[in-house]
Every structure is written in structure tokens, then in C-alpha cells.
Amino acid sequence: MVGLLWANWCWKAVREFLHERFGILLGRTACIDWLHRLGFVRKRPGKRLLKADAEKRTTFVAEYQGLRREANEIGTKIFFVDEAHFRADVELRQMWSLRGKPALIDSTSPKLGEKATYYSAVCLETGEIEAMFIPETCTAETTVAFLKQLREHHIEPLIIIWDNGPAHRGAELRTWLSTPNLRLRLVPLPAYSPDFNADEAVWDWVREEATANLCFGTKDKVEQAVDAFFARLTCRTDEAKRRCRTLLQARADDLHASRCLLNVDPIPVSL
């Protein structure tokens, strides 16, 4: 509105604007105090996904609410699935440091190829998290291997919610899905909707607790750190339920509440 780019919007920009427009020169503390009084706070921004289709996302919320009802009624487990890379070089995150002292992390500058790749899946109803290390890159073949792991560890009917990435399709996957009595259904997320995937929160959790501000040097050391993190999650199911909730669950809850108020019959969903 006043010519300030959002990306550069800070107290210094506000002070400069006030000085140029009104001839008022405020100090840092005064600028920040007034911003707080007006209700402004500093936030780490998220992405506004301009390519996402709002109508398809709304439709998916209703579909997901039906899947949750099915999971509750017949014992189906819903897993959100995704993949991620963890590099051996430092992934910088905010840290505590003494005022006036630089916050620096040592790095040996390992090659980009020094990275550990993982699949993971989270069930929000139970808080269970599954993970699998992949030696190279994700393909349809490695996707089948991870789905087999899920199928072996969970006897219930499974619903897998994921994006439409290249590794989530292919001849190997189609062949395996033709297995008799597999009792596994794949549900694609709407395009450009990573904020609907609860498994994204798992990766953020890994980076926060296992890899932040550390230079591992080799992918073997990255793998050791990430494996140790996943091993600790078996007794943190309640935390997983809380941390991995997304906008999708909030919207589905609102939809369920509104339908209950209006006595609208839920949309039937079958596996």
C-alpha cells in the first residue's frame, strides 16, 4: 500500500518511510514498540501456493473427512507418506548465542552427493511413524519396498495419502498393487498442497532435533543420526499426533462440526 515490499518489511524500512513521508525520525526501540502496539509481530512466513486449486482442495477436505470416518468405523489406518533428503553439510537454523558474538557453525563443505534419503509415514490416529532409508534415489521400486514395509507392520486395511511425485507411479508399483487381498488404497493429494501432508511435519521434526546446525561430513553419519531419531519416536506417539496435524485436519474438523449442526448425512466412502 505504501511502496514497501513485504520481503523487506522491517523496522528500518518503517523508520525510513516515516522519515520520508512525515519528517519523523524514530529510533529502533520506538519503531518496534509502535509496531507491537499496532498488533504486528515477527513471523517466519509460509508459502502462499498460487498454483493450488482451491476448489479441488475443498473437495479433498470432504473426501478426507469420509476417510477418517471409515478409519474409525472399520479399523482402517490412514498413513500420510513422503520422502526427504538430509545433506551432510550444515542445515542452518536459529540458535542461542551471546549478544554481540557471531553465531557460526563449522563446516567441512561435503559434496552434495553426501546425503541420506528416507521415506516416512505417519498415522495421525495412532501417532505411529514408519521410516525407511534409501541408499540412492527414490523410484517406483523403492516406493514398493516402503509400502511393503507398511503392509507387513500393519495388518489393518491401509489408506496411503501422498503427492503425485514421480516415485509414486510406475510399472513396478502397478504390478504390486495387483497383488490379491492387498487391502491398500492410494489417495493422491490435490496438486501443490504440501500443507495438507502431515508427513511434512515429520521431516521438519527430524531437522529440528537431529540435523540442525550440524555438519556430519558423510551420509553414513547423517543416516546414524536420523535412524537414532526415528528409533526414539516409538514412545512419542502423543507428540506425533499433536505435531503432525495440518491445515487439512483443522478444515476436516470444521466440516464435521458444521455437518453435525445441520444434521447432514456424511459422504459415503468405501475402500
# chains A, B, ... in the order shown; residues from 1 in each chain; ligands from 1
$ closest_atom_pairs --of "stretch 58-101 of chain A" --to "stretch 163-184 of chain A" --cutoff "10 Å" --atoms "only C-alpha atoms" --output "tab-separated table"
residue	atom	partner	partner_atom	distance
A:Thr76	CA	A:Arg183	CA	9.5
A:Lys77	CA	A:Leu184	CA	9.7
A:Ile78	CA	A:Leu184	CA	10.0
A:Phe80	CA	A:Asp163	CA	9.4
A:Val81	CA	A:Asp163	CA	8.2
A:Asp82	CA	A:Asp163	CA	7.6
A:Glu83	CA	A:Ala167	CA	9.5
$ select_by_dssp --residues "stretch 102-213 of chain A" --states "helix (DSSP H, G or I)" --output "MDAnalysis selection string"
chainID A and resid 140:153 166:168 171:177 194:196 199:211
$ write_last_selection --atoms "C-alpha atoms" --output "CSV table (one decimal), in the first residue's frame"
chain,number,residue,atom,x,y,z
A,140,ALA,CA,8.8,-46.7,-8.1
A,141,GLU,CA,10.8,-49.8,-7.0
A,142,THR,CA,11.8,-48.2,-3.7
A,143,THR,CA,8.3,-46.9,-3.2
A,144,VAL,CA,7.0,-50.5,-3.4
A,145,ALA,CA,9.6,-51.6,-0.9
A,146,PHE,CA,8.4,-49.0,1.6
A,147,LEU,CA,4.7,-49.8,1.0
A,148,LYS,CA,5.6,-53.5,1.6
A,149,GLN,CA,7.1,-52.5,4.9
A,150,LEU,CA,3.9,-50.7,5.9
A,151,ARG,CA,1.8,-53.6,4.8
A,152,GLU,CA,4.0,-56.1,6.8
A,153,HIS,CA,3.9,-54.0,10.0
A,166,PRO,CA,7.4,-39.4,-10.0
A,167,ALA,CA,8.4,-42.2,-7.5
A,168,HIS,CA,4.7,-42.7,-6.7
A,171,ALA,CA,5.2,-50.3,-13.7
A,172,GLU,CA,6.7,-51.8,-10.5
A,173,LEU,CA,4.0,-50.1,-8.4
A,174,ARG,CA,1.1,-51.0,-10.7
A,175,THR,CA,2.3,-54.6,-10.7
A,176,TRP,CA,2.5,-54.8,-6.9
A,177,LEU,CA,-0.9,-53.1,-6.5
A,194,PRO,CA,2.2,-29.9,0.7
A,195,ASP,CA,0.5,-28.1,3.6
A,196,PHE,CA,-2.1,-31.0,3.6
A,199,ASP,CA,4.4,-36.2,6.9
A,200,GLU,CA,6.0,-32.9,6.1
A,201,ALA,CA,5.9,-32.2,9.8
A,202,VAL,CA,7.9,-35.4,10.4
A,203,TRP,CA,10.7,-34.0,8.2
A,204,ASP,CA,10.7,-30.7,10.0
A,205,TRP,CA,10.9,-32.6,13.3
A,206,VAL,CA,13.9,-34.5,12.1
A,207,ARG,CA,15.7,-31.3,11.1
A,208,GLU,CA,14.8,-29.6,14.3
A,209,GLU,CA,16.1,-32.4,16.6
A,210,ALA,CA,18.6,-34.4,14.7
A,211,THR,CA,20.3,-32.4,11.9
$ atom_distance --atom1 "atom CA of A:Trp96" --atom2 "atom CA of A:Leu214"
14.4 Å
$ closest_residue --among "A:Leu248, A:Ile155, A:Leu189, A:Ala198" --to "A:Ser120" --atoms "only C-alpha atoms"
A:Ala198
$ closest_residue --among "A:Gly127, A:Asn213, A:Arg21, A:Tyr192" --to "A:Leu104" --atoms "only C-alpha atoms"
A:Asn213
$ closest_atom_pairs --of "stretch 117-189 of chain A" --to "stretch 220-244 of chain A" --cutoff "10 Å" --atoms "only C-alpha atoms" --output "tab-separated table"
residue	atom	partner	partner_atom	distance
A:Thr117	CA	A:Glu223	CA	8.4
A:Tyr118	CA	A:Val226	CA	9.1
A:Ser120	CA	A:Phe230	CA	9.6
A:Val122	CA	A:Cys244	CA	8.0
A:Cys123	CA	A:Lys241	CA	7.9
A:Leu124	CA	A:Lys241	CA	5.1
A:Glu125	CA	A:Lys241	CA	7.0
A:Thr126	CA	A:Thr237	CA	6.9
A:Gly127	CA	A:Thr237	CA	4.2
A:Glu128	CA	A:Thr237	CA	6.0
A:Ile129	CA	A:Leu233	CA	7.3
A:Glu130	CA	A:Phe230	CA	8.0
A:Ala131	CA	A:Phe230	CA	7.1
A:Met132	CA	A:Asp227	CA	8.8
A:Phe133	CA	A:Glu223	CA	7.7
A:Ile134	CA	A:Glu223	CA	9.8
A:Pro135	CA	A:Glu223	CA	9.9
$ select_by_dssp --residues "stretch 118-158 of chain A" --states "strand (DSSP E or B)" --output "list in words"
Tyr118, Tyr119, Ser120, Ala121, Val122, Ile129, Glu130, Ala131, Met132, Phe133, Ile134 and Leu158 of chain A
$ residues_around --residues "stretch 54-63 of chain A" --least-positions-apart "5" --cutoff "9 Å" --atoms "only C-alpha atoms" --output "ChimeraX atom specification"
/A:68,189-191,193,196,248-249,251-252,255-256,266-267,269
$ residues_around --residues "stretch 27-29 of chain A" --least-positions-apart "5" --cutoff "8 Å" --atoms "only C-alpha atoms" --output "list in words"
Trp11, Lys12 and Arg15 of chain A
$ residues_around --residues "A:Ile160" --least-positions-apart "3" --cutoff "6 Å" --atoms "only C-alpha atoms" --output "list of chain:residue names"
A:Phe79, A:Phe80, A:Leu186, A:Val187
$ write_last_selection --atoms "N, CA and C atoms" --output "compact mmCIF listing (two decimals), in the first residue's frame"
# COMPACT_ATOMS: atom_id res chain seq x y z
N PHE A 79 -2.26 -43.47 6.54
CA PHE A 79 -0.88 -43.00 6.64
C PHE A 79 -0.63 -41.91 5.61
N PHE A 80 -0.02 -40.83 6.05
CA PHE A 80 0.50 -39.81 5.13
C PHE A 80 1.95 -40.16 4.85
N LEU A 186 -4.46 -46.13 -2.49
CA LEU A 186 -3.66 -44.93 -2.65
C LEU A 186 -4.56 -43.74 -2.93
N VAL A 187 -4.37 -42.67 -2.20
CA VAL A 187 -5.18 -41.46 -2.36
C VAL A 187 -4.24 -40.29 -2.63
$ closest_residue --among "A:Glu91, A:Asp254, A:Glu16, A:Glu70" --to "A:Ala212" --atoms "only C-alpha atoms"
A:Glu91
